[in-house]
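The next block is query.pdb, given as PDB, C-alpha atoms.
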ATOM      1  CA  MET R   1      -2.545  -4.075  24.109
ATOM      2  CA  THR R   2      -1.072  -7.525  24.213
ATOM      3  CA  VAL R   3       2.249  -6.573  22.723
ATOM      4  CA  GLU R   4       4.793  -5.347  25.162
ATOM      5  CA  ALA R   5       6.065  -1.838  24.739
ATOM      6  CA  PHE R   6       8.877  -1.379  22.336
ATOM      7  CA  SER R   7      12.287  -1.079  23.758
ATOM      8  CA  PRO R   8      14.737   1.145  21.960
ATOM      9  CA  VAL R   9      16.129  -0.635  18.972
ATOM     10  CA  GLU R  10      19.419  -0.206  17.251
ATOM     11  CA  ARG R  11      19.231   1.626  14.019
ATOM     12  CA  PRO R  12      19.532  -1.013  11.341
ATOM     13  CA  THR R  13      21.500  -0.376   8.223
ATOM     14  CA  THR R  14      19.843  -3.154   6.314
ATOM     15  CA  PRO R  15      16.260  -4.406   6.264
ATOM     16  CA  ARG R  16      15.538  -6.956   8.884
ATOM     17  CA  SER R  17      12.628  -8.513  10.601
ATOM     18  CA  VAL R  18      12.382  -8.830  14.323
ATOM     19  CA  GLU R  19      10.595 -11.902  15.515
ATOM     20  CA  GLN R  20       9.216 -12.020  18.983
ATOM     21  CA  LEU R  21       8.452 -15.672  18.825
ATOM     22  CA  PRO R  22      10.544 -18.013  20.942
ATOM     23  CA  GLU R  23      12.229 -20.992  19.329
ATOM     24  CA  GLN R  24      12.000 -19.387  15.931
ATOM     25  CA  PRO R  25      15.070 -18.276  14.097
ATOM     26  CA  THR R  26      15.081 -14.681  12.973
ATOM     27  CA  ARG R  27      14.212 -14.668   9.340
ATOM     28  CA  GLN R  28      15.715 -12.209   6.944
ATOM     29  CA  PRO R  29      13.237 -10.467   4.657
ATOM     30  CA  GLU R  30      14.836 -11.781   1.498
ATOM     31  CA  GLN R  31      14.259 -15.280   2.729
ATOM     32  CA  LEU R  32      10.577 -14.736   3.192
ATOM     33  CA  GLY R  33      10.023 -15.615  -0.401
ATOM     34  CA  THR R  34       6.780 -17.535  -0.421
ATOM     35  CA  GLN R  35       3.340 -17.086   0.957
ATOM     36  CA  THR R  36       3.159 -20.501   2.493
ATOM     37  CA  ALA R  37       3.070 -21.253   6.182
ATOM     38  CA  PRO R  38       6.071 -20.301   8.285
ATOM     39  CA  ARG R  39       9.126 -22.463   8.080
ATOM     40  CA  SER R  40       8.720 -23.251  11.750
ATOM     41  CA  SER R  41       6.354 -26.090  10.993
ATOM     42  CA  ALA R  42       8.607 -28.437  12.904
ATOM     43  CA  VAL R  43       8.039 -26.289  15.973
ATOM     44  CA  GLN R  44       4.466 -25.283  15.418
ATOM     45  CA  PRO R  45       1.742 -26.874  13.355
ATOM     46  CA  ALA R  46       1.506 -25.119  10.016
ATOM     47  CA  THR R  47      -2.230 -24.779  10.445
ATOM     48  CA  GLN R  48      -1.858 -22.821  13.685
ATOM     49  CA  PRO R  49       0.947 -20.356  13.138
ATOM     50  CA  ASP R  50       1.486 -17.835  15.862
ATOM     51  CA  PRO R  51       0.361 -14.700  14.067
ATOM     52  CA  ARG R  52       2.602 -12.286  15.944
ATOM     53  CA  ARG R  53       5.334 -10.469  14.107
ATOM     54  CA  ARG R  54       7.464  -7.486  14.843
ATOM     55  CA  TYR R  55       9.487  -5.740  12.187
ATOM     56  CA  SER R  56      11.930  -2.880  12.096
ATOM     57  CA  TRP R  57      13.114  -1.189   8.920
ATOM     58  CA  PRO R  58      14.992   1.897   7.881
ATOM     59  CA  ALA R  59      12.447   4.632   7.181
ATOM     60  CA  ASP R  60      13.341   4.760   3.522
ATOM     61  CA  ALA R  61      10.975   4.681   0.551
ATOM     62  CA  ARG R  62      13.180   2.117  -1.127
ATOM     63  CA  HIS R  63      11.986  -0.423   1.413
ATOM     64  CA  ALA R  64       8.288   0.332   0.998
ATOM     65  CA  ASN R  65       7.653  -2.671  -1.227
ATOM     66  CA  VAL R  66       9.567  -5.046   1.030
ATOM     67  CA  ILE R  67       7.606  -3.805   4.031
ATOM     68  CA  ARG R  68       4.344  -4.374   2.188
ATOM     69  CA  ASP R  69       5.490  -7.814   1.208
ATOM     70  CA  ALA R  70       6.244  -8.762   4.818
ATOM     71  CA  VAL R  71       2.867  -7.510   6.030
ATOM     72  CA  HIS R  72       1.168  -9.238   3.141
ATOM     73  CA  ARG R  73       2.691 -12.555   4.108
ATOM     74  CA  TRP R  74       1.691 -12.069   7.722
ATOM     75  CA  LEU R  75      -1.881 -11.392   6.643
ATOM     76  CA  GLY R  76      -1.748 -14.528   4.517
ATOM     77  CA  MET R  77      -1.529 -16.593   7.702
ATOM     78  CA  LEU R  78      -4.799 -15.177   9.027
ATOM     79  CA  PRO R  79      -8.409 -15.968   8.265
ATOM     80  CA  LEU R  80      -8.825 -12.923   6.107
ATOM     81  CA  SER R  81     -10.126 -12.581   2.573
ATOM     82  CA  ALA R  82      -7.697 -11.513  -0.115
ATOM     83  CA  HIS R  83      -9.821  -8.389  -0.497
ATOM     84  CA  ASP R  84      -9.466  -7.455   3.170
ATOM     85  CA  ALA R  85      -5.786  -8.370   3.223
ATOM     86  CA  ALA R  86      -5.137  -6.071   0.286
ATOM     87  CA  SER R  87      -6.991  -3.253   2.053
ATOM     88  CA  MET R  88      -4.901  -3.769   5.171
ATOM     89  CA  VAL R  89      -1.712  -3.661   3.108
ATOM     90  CA  VAL R  90      -2.758  -0.346   1.548
ATOM     91  CA  ALA R  91      -3.520   1.063   5.005
ATOM     92  CA  VAL R  92      -0.163  -0.054   6.410
ATOM     93  CA  ASP R  93       1.589   1.339   3.356
ATOM     94  CA  ALA R  94      -0.086   4.703   3.871
ATOM     95  CA  ALA R  95       1.053   4.795   7.488
ATOM     96  CA  VAL R  96       4.571   3.750   6.521
ATOM     97  CA  GLU R  97       4.654   6.383   3.810
ATOM     98  CA  ASN R  98       3.836   9.034   6.382
ATOM     99  CA  VAL R  99       6.729   7.867   8.532
ATOM    100  CA  ILE R 100       9.125   7.832   5.599
ATOM    101  CA  ARG R 101       8.097  11.243   4.357
ATOM    102  CA  HIS R 102       7.538  13.130   7.559
ATOM    103  CA  ALA R 103       8.746  11.503  10.757
ATOM    104  CA  TYR R 104      12.463  12.099  10.523
ATOM    105  CA  LEU R 105      12.791  15.443   8.833
ATOM    106  CA  ASP R 106      15.432  16.397  11.379
ATOM    107  CA  ARG R 107      17.679  13.459  10.538
ATOM    108  CA  PRO R 108      19.664  12.285   7.532
ATOM    109  CA  GLU R 109      17.480  10.479   5.045
ATOM    110  CA  GLY R 110      16.951   6.837   5.881
ATOM    111  CA  SER R 111      18.479   7.032   9.342
ATOM    112  CA  GLY R 112      15.198   6.725  11.224
ATOM    113  CA  THR R 113      13.299   3.511  11.687
ATOM    114  CA  VAL R 114       9.765   2.391  11.050
ATOM    115  CA  GLU R 115       8.574  -0.476  13.197
ATOM    116  CA  ILE R 116       5.537  -2.611  12.644
ATOM    117  CA  ALA R 117       4.003  -4.839  15.279
ATOM    118  CA  CYS R 118       1.483  -7.349  14.002
ATOM    119  CA  TRP R 119      -0.823  -9.454  16.142
ATOM    120  CA  THR R 120      -4.375 -10.675  16.475
ATOM    121  CA  GLU R 121      -6.665  -9.687  19.294
ATOM    122  CA  ASN R 122     -10.388 -10.050  19.895
ATOM    123  CA  GLY R 123     -10.997 -11.367  16.422
ATOM    124  CA  GLU R 124      -9.120  -8.563  14.735
ATOM    125  CA  ALA R 125      -5.917  -8.322  12.795
ATOM    126  CA  CYS R 126      -3.863  -5.542  14.363
ATOM    127  CA  ALA R 127      -0.902  -3.779  12.814
ATOM    128  CA  GLU R 128       0.766  -0.909  14.615
ATOM    129  CA  VAL R 129       3.114   1.337  12.656
ATOM    130  CA  ILE R 130       5.555   3.086  14.965
ATOM    131  CA  ASP R 131       8.145   5.778  14.468
ATOM    132  CA  HIS R 132      10.398   7.639  16.867
ATOM    133  CA  GLY R 133      10.324  10.920  15.040
ATOM    134  CA  VAL R 134       9.329  14.346  16.176
ATOM    135  CA  TRP R 135       5.740  15.373  15.813
ATOM    136  CA  ARG R 136       5.517  18.864  14.473
ATOM    137  CA  ALA R 137       2.575  21.027  13.653
ATOM    138  CA  PRO R 138       3.156  20.969   9.891
ATOM    139  CA  ARG R 139       3.314  17.216   9.960
ATOM    140  CA  GLU R 140      -0.164  17.009  11.361
ATOM    141  CA  ARG R 141      -1.542  18.393   8.159
ATOM    142  CA  VAL R 142       0.531  16.184   5.934
ATOM    143  CA  ILE R 143      -0.156  12.985   7.791
ATOM    144  CA  SER R 144      -3.850  13.533   7.332
ATOM    145  CA  ARG R 145      -3.445  12.710   3.669
ATOM    146  CA  GLY R 146      -3.231   9.005   4.340
ATOM    147  CA  ILE R 147      -5.625   8.831   7.268
ATOM    148  CA  PRO R 148      -8.871   9.111   5.250
ATOM    149  CA  LEU R 149      -7.755   6.281   3.003
ATOM    150  CA  MET R 150      -6.920   4.081   5.990
ATOM    151  CA  LYS R 151     -10.269   4.823   7.599
ATOM    152  CA  GLN R 152     -12.170   4.000   4.450
ATOM    153  CA  LEU R 153     -10.398   0.724   3.877
ATOM    154  CA  ILE R 154     -10.198  -0.969   7.258
ATOM    155  CA  GLY R 155     -12.102  -1.402  10.498
ATOM    156  CA  SER R 156     -10.486   1.213  12.710
ATOM    157  CA  VAL R 157      -7.561   3.607  12.824
ATOM    158  CA  ALA R 158      -6.073   5.181  15.937
ATOM    159  CA  VAL R 159      -3.218   7.673  15.913
ATOM    160  CA  GLU R 160      -1.254   8.295  19.076
ATOM    161  CA  THR R 161       1.487  10.870  19.222
ATOM    162  CA  GLY R 162       3.895  11.802  21.921
ATOM    163  CA  ASP R 163       7.445  12.673  22.758
ATOM    164  CA  GLN R 164       8.587   9.233  21.702
ATOM    165  CA  GLY R 165       7.094   9.441  18.253
ATOM    166  CA  THR R 166       3.873   8.365  16.613
ATOM    167  CA  ARG R 167       1.912   5.113  16.648
ATOM    168  CA  VAL R 168      -0.759   4.336  14.112
ATOM    169  CA  LEU R 169      -2.847   1.343  15.131
ATOM    170  CA  LEU R 170      -4.737  -0.313  12.301
ATOM    171  CA  ARG R 171      -7.373  -2.933  13.067
ATOM    172  CA  HIS R 172      -9.527  -5.038  10.823
ATOM    173  CA  PRO R 173     -11.950  -7.847  11.737
ATOM    174  CA  LEU R 174     -10.865 -11.353  10.879
ATOM    175  CA  ASP R 175     -13.239 -13.625   9.050
ATOM    176  CA  THR R 176     -15.378 -15.742  11.328
ATOM    177  CA  PRO R 177     -16.935 -19.081  10.359
ATOM    178  CA  ARG R 178     -20.227 -17.259  10.059
ATOM    179  CA  ASP R 179     -18.689 -14.938   7.523
ATOM    180  CA  THR R 180     -17.963 -17.797   5.180
ATOM    181  CA  ALA R 181     -21.652 -18.585   4.822
ATOM    182  CA  PRO R 182     -23.178 -18.114   1.370
ATOM    183  CA  GLY R 183     -23.690 -14.509   0.500
ATOM    184  CA  ARG R 184     -20.304 -13.295   1.564
ATOM    185  CA  GLU R 185     -17.605 -12.980  -1.023
ATOM    186  CA  PRO R 186     -15.441 -16.081  -1.062
ATOM    187  CA  SER R 187     -12.029 -15.580   0.433
ATOM    188  CA  ALA R 188     -10.419 -17.020  -2.669
ATOM    189  CA  ALA R 189     -11.873 -14.274  -4.830
ATOM    190  CA  GLU R 190      -9.650 -11.771  -6.587
TER
ATOM    191  CA  MET S 191      -6.239 -18.860   1.324
ATOM    192  CA  GLU S 192      -2.628 -18.042   0.769
ATOM    193  CA  ASP S 193      -2.983 -19.132  -2.808
ATOM    194  CA  ALA S 194      -5.349 -16.249  -3.359
ATOM    195  CA  LEU S 195      -2.645 -13.739  -2.541
ATOM    196  CA  ASP S 196      -0.573 -12.879  -5.543
ATOM    197  CA  PRO S 197       3.012 -12.066  -4.804
ATOM    198  CA  PHE S 198       3.837  -8.436  -5.323
ATOM    199  CA  GLU S 199       5.813  -7.543  -8.343
ATOM    200  CA  GLU S 200       8.660  -5.205  -7.712
ATOM    201  CA  GLY S 201       8.961  -1.704  -9.018
ATOM    202  CA  LEU S 202       7.154   0.167 -11.725
ATOM    203  CA  SER S 203       7.597   0.266 -15.460
ATOM    204  CA  THR S 204       6.170   2.868 -17.792
ATOM    205  CA  GLU S 205       5.636   2.973 -21.519
ATOM    206  CA  VAL S 206       4.628   6.033 -23.504
ATOM    207  CA  PHE S 207       3.445   6.178 -27.092
ATOM    208  CA  GLU S 208       1.312   8.353 -29.302
ATOM    209  CA  CYS S 209      -1.901   7.097 -30.759
ATOM    210  CA  ALA S 210      -2.187   9.276 -33.848
ATOM    211  CA  GLN S 211      -5.654   8.181 -34.872
ATOM    212  CA  GLN S 212      -7.182   9.329 -31.632
ATOM    213  CA  SER S 213      -4.653  12.156 -31.230
ATOM    214  CA  ALA S 214      -3.881  10.839 -27.776
ATOM    215  CA  ILE S 215      -0.770  10.115 -25.807
ATOM    216  CA  VAL S 216      -0.918   6.773 -24.068
ATOM    217  CA  VAL S 217       0.993   6.221 -20.846
ATOM    218  CA  VAL S 218       1.029   2.627 -19.662
ATOM    219  CA  ALA S 219       2.109   1.879 -16.093
ATOM    220  CA  ARG S 220       2.759  -1.599 -14.755
ATOM    221  CA  GLY S 221       3.817  -2.808 -11.346
ATOM    222  CA  GLU S 222       3.747  -1.093  -7.980
ATOM    223  CA  LEU S 223       2.776   2.555  -7.725
ATOM    224  CA  ASP S 224       3.987   3.795  -4.358
ATOM    225  CA  SER S 225       5.930   6.628  -2.781
ATOM    226  CA  GLN S 226       9.156   5.281  -4.236
ATOM    227  CA  THR S 227       8.012   4.715  -7.814
ATOM    228  CA  VAL S 228       5.453   7.483  -8.247
ATOM    229  CA  SER S 229       8.030  10.018  -9.432
ATOM    230  CA  GLU S 230       8.715   7.917 -12.505
ATOM    231  CA  LEU S 231       5.089   7.919 -13.565
ATOM    232  CA  ASN S 232       4.726  11.544 -12.583
ATOM    233  CA  GLU S 233       7.523  12.404 -14.980
ATOM    234  CA  ALA S 234       5.977  10.462 -17.834
ATOM    235  CA  VAL S 235       2.548  11.994 -17.332
ATOM    236  CA  ASN S 236       3.896  15.507 -16.889
ATOM    237  CA  ASP S 237       5.862  15.124 -20.089
ATOM    238  CA  ALA S 238       2.711  14.040 -21.920
ATOM    239  CA  LEU S 239       0.722  16.917 -20.465
ATOM    240  CA  SER S 240       3.441  19.391 -21.424
ATOM    241  CA  ARG S 241       3.575  18.605 -25.116
ATOM    242  CA  PRO S 242       1.994  21.540 -26.949
ATOM    243  CA  ALA S 243      -0.308  19.492 -29.182
ATOM    244  CA  THR S 244      -1.644  17.222 -26.473
ATOM    245  CA  ARG S 245      -5.418  17.158 -26.229
ATOM    246  CA  ARG S 246      -5.918  13.804 -24.591
ATOM    247  CA  VAL S 247      -3.850  11.566 -22.360
ATOM    248  CA  VAL S 248      -4.811   7.971 -21.698
ATOM    249  CA  LEU S 249      -3.213   6.644 -18.541
ATOM    250  CA  ASP S 250      -3.455   2.866 -18.511
ATOM    251  CA  LEU S 251      -3.334   1.533 -14.949
ATOM    252  CA  ASP S 252      -4.554  -1.962 -15.794
ATOM    253  CA  GLY S 253      -1.168  -3.446 -14.947
ATOM    254  CA  ILE S 254      -0.836  -1.783 -11.547
ATOM    255  CA  VAL S 255      -0.541  -4.395  -8.803
ATOM    256  CA  PHE S 256      -0.206  -2.007  -5.876
ATOM    257  CA  PHE S 257      -1.973   1.327  -5.515
ATOM    258  CA  GLY S 258      -2.096   3.289  -2.276
ATOM    259  CA  SER S 259      -2.051   6.782  -0.847
ATOM    260  CA  ALA S 260       0.848   7.898  -3.042
ATOM    261  CA  GLY S 261      -1.153   6.837  -6.095
ATOM    262  CA  VAL S 262      -4.227   8.710  -4.890
ATOM    263  CA  ALA S 263      -2.221  11.888  -4.401
ATOM    264  CA  PHE S 264      -0.587  11.499  -7.789
ATOM    265  CA  LEU S 265      -3.858  10.964  -9.683
ATOM    266  CA  THR S 266      -5.528  13.866  -7.916
ATOM    267  CA  GLN S 267      -2.668  16.141  -8.929
ATOM    268  CA  ALA S 268      -2.527  14.807 -12.493
ATOM    269  CA  GLU S 269      -6.260  15.361 -12.891
ATOM    270  CA  SER S 270      -5.846  18.928 -11.687
ATOM    271  CA  ASP S 271      -2.855  19.561 -13.955
ATOM    272  CA  ALA S 272      -4.686  18.194 -16.979
ATOM    273  CA  ARG S 273      -7.756  20.280 -16.308
ATOM    274  CA  ALA S 274      -5.649  23.415 -15.948
ATOM    275  CA  ARG S 275      -4.302  22.778 -19.451
ATOM    276  CA  SER S 276      -7.650  21.783 -20.944
ATOM    277  CA  ILE S 277      -6.341  18.291 -21.584
ATOM    278  CA  GLU S 278      -8.620  15.327 -21.224
ATOM    279  CA  LEU S 279      -7.148  12.705 -18.895
ATOM    280  CA  ARG S 280      -8.638   9.248 -19.295
ATOM    281  CA  LEU S 281      -7.790   6.474 -16.908
ATOM    282  CA  VAL S 282      -7.882   2.793 -17.767
ATOM    283  CA  VAL S 283      -9.039   1.191 -14.529
ATOM    284  CA  PRO S 284     -10.889  -2.146 -14.641
ATOM    285  CA  PRO S 285     -13.904  -2.121 -12.290
ATOM    286  CA  THR S 286     -12.649  -5.129 -10.326
ATOM    287  CA  SER S 287      -9.123  -3.798  -9.824
ATOM    288  CA  ARG S 288      -7.510  -2.622  -6.619
ATOM    289  CA  VAL S 289      -7.007   0.802  -8.168
ATOM    290  CA  HIS S 290     -10.753   1.047  -8.702
ATOM    291  CA  ARG S 291     -11.424  -0.043  -5.141
ATOM    292  CA  VAL S 292      -9.107   2.604  -3.683
ATOM    293  CA  LEU S 293     -10.493   5.375  -5.884
ATOM    294  CA  GLU S 294     -13.990   4.267  -4.987
ATOM    295  CA  VAL S 295     -13.530   4.426  -1.221
ATOM    296  CA  MET S 296     -11.901   7.817  -1.602
ATOM    297  CA  GLY S 297     -14.905   9.098  -3.527
ATOM    298  CA  LEU S 298     -12.863   9.885  -6.620
ATOM    299  CA  ILE S 299     -14.659   7.704  -9.150
ATOM    300  CA  ARG S 300     -17.097  10.376 -10.220
ATOM    301  CA  LEU S 301     -14.377  13.000 -10.494
ATOM    302  CA  MET S 302     -12.281  11.039 -12.950
ATOM    303  CA  ALA S 303     -12.896   9.627 -16.415
ATOM    304  CA  LEU S 304     -12.509   5.870 -15.963
ATOM    305  CA  TYR S 305     -12.597   3.273 -18.702
ATOM    306  CA  PRO S 306     -12.466  -0.503 -18.210
ATOM    307  CA  THR S 307     -10.074  -1.097 -21.110
ATOM    308  CA  ARG S 308      -7.523   0.847 -23.113
ATOM    309  CA  ASP S 309      -9.467   0.220 -26.321
ATOM    310  CA  GLU S 310     -12.566   1.780 -24.829
ATOM    311  CA  ALA S 311     -10.591   4.738 -23.525
ATOM    312  CA  LEU S 312      -9.175   5.335 -26.997
ATOM    313  CA  ALA S 313     -12.390   4.673 -28.897
ATOM    314  CA  ALA S 314     -14.748   6.855 -26.884
ATOM    315  CA  ASP S 315     -15.530  10.307 -28.226
TER
END
How would this structure read if it were set down as structure tokens?
Amino acid sequence: MTVEAFSPVERPTTPRSVEQLPEQPTRQPEQLGTQTAPRSSAVQPATQPDPRRRYSWPADARHANVIRDAVHRWLGMLPLSAHDAASMVVAVDAAVENVIRHAYLDRPEGSGTVEIACWTENGEACAEVIDHGVWRAPRERVISRGIPLMKQLIGSVAVETGDQGTRVLLRHPLDTPRDTAPGREPSAAE
Amino acid sequence: MEDALDPFEEGLSTEVFECAQQSAIVVVARGELDSQTVSELNEAVNDALSRPATRRVVLDLDGIVFFGSAGVAFLTQAESDARARSIELRLVVPPTSRVHRVLEVMGLIRLMALYPTRDEALAAD
């Protein structure tokens, strides 16, 4: 795990993204309008963006599309086919949906948070979906609804639960130069 | 590479109409089908399934740009509801679409009546 452990975060009342990158201004989700390289091109070359991101959102279904959009843009910076990126987005969405529906049953709706840490490691795109809710026995059955879909779509899925909440780590191999050889679907497909 | 990623549309829109010739109710869904929007489509489909004369419902998902676990759960339930009422549920799902991909990996393709276009779903016997 190359990402440092999460420290407790304030409960946001509006969507926001949390950037770990130094010398980069925190970007608000509504400003993340395009799929082009990060606006930090003056700081970092646009061709080599630092692919680490860390987000925190209210655990509210109304933000599901904005969360997907943020993850989608992050994936757009990586050497990943559109097909694989779309699969990763569906997997993250399934994990987020579980948080929204089941993690904070003991709290007022929308008062919990869902955090997503995104990074690359060992040739894989990694997205960890984290909540600070209470794991209960009934939830174990419900959460399983999204797990099969995640496992079918992406490279690996690991669920870790504890007193501090639940972490779902989603990993998918990045394209390698070898993968772009003839015979593999072109990344520009779809 | 980024150019290959279409921006997500926001929200879901539904359209319902009767196709008298084929005695079918057509439900067209466009946009993002997720945990937030699924209730809207669920309502439209349940309404179609609840009409006394309904024999066939064509659910057109060609315009769906996002389809995930909420969509899988919804379709599984709709299929079950339709079968319980002896109503034929036909899904318009192009073979190259993301909806098709998700249903495929979940092993649901063979359990559902899929058609590549709305015309084919309406024309088939």
Seminar exercise, completed: Computed gap from atom CA of S:Gly201 to atom CA of S:Arg308 is 21.8 Å
Exercise. With all atoms listed in the file as the atoms that count, which of R:His132, R:Pro148, R:Ile116, R:Ile67 lies nearest to chain S?
Worked result: R:Pro148
For this session: Could you list the residues chosen by the ChimeraX specification (/S :<10) & /R in this structure as a PyMOL selection string?
Result: chain R and resi 33-37+60-66+68-69+72-73+75-83+85-87+89-98+100-101+145-153+186-190
Exercise. What's the 7 Å shell around S:Ala219, counting all atoms listed in the file, without same-chain residues fewer than 6 positions away, as a VMD selection string?
Worked result: chain S and resid 202 to 205 250 to 251 253 to 254
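When you apply the PyMOL selection byres ((chain R and resi 171) around 8) to this structure, what comes back is R:Glu124, R:Ala125, R:Cys126, R:Ala127, R:Ile154, R:Gly155, R:Ser156, R:Val157, R:Leu169, R:Leu170, R:His172, R:Pro173.
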Exercise. How would you write, as a PyMOL selection string, the residues chosen by the PyMOL selection byres ((chain S and resi 232-236) around 12) on this structure?
Worked result: chain S and resi 202-207+215-219+223-231+237-242+244+246-250+260-261+263-272+275+277+279-281
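The two atoms in question, atom CA of R:Asp131 and atom CA of R:Arg107, are spaced 12.9 Å apart.
When atom CA of S:Ala313 is paired with atom CA of S:Glu208, their separation reads 14.2 Å.
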For this session: List the neighbours of R:Cys118 out to 9 Å using all atoms listed in the file; skip same-chain residues closer than 4 positions along the sequence, and give me the result as a count of residues only.
Result: 13
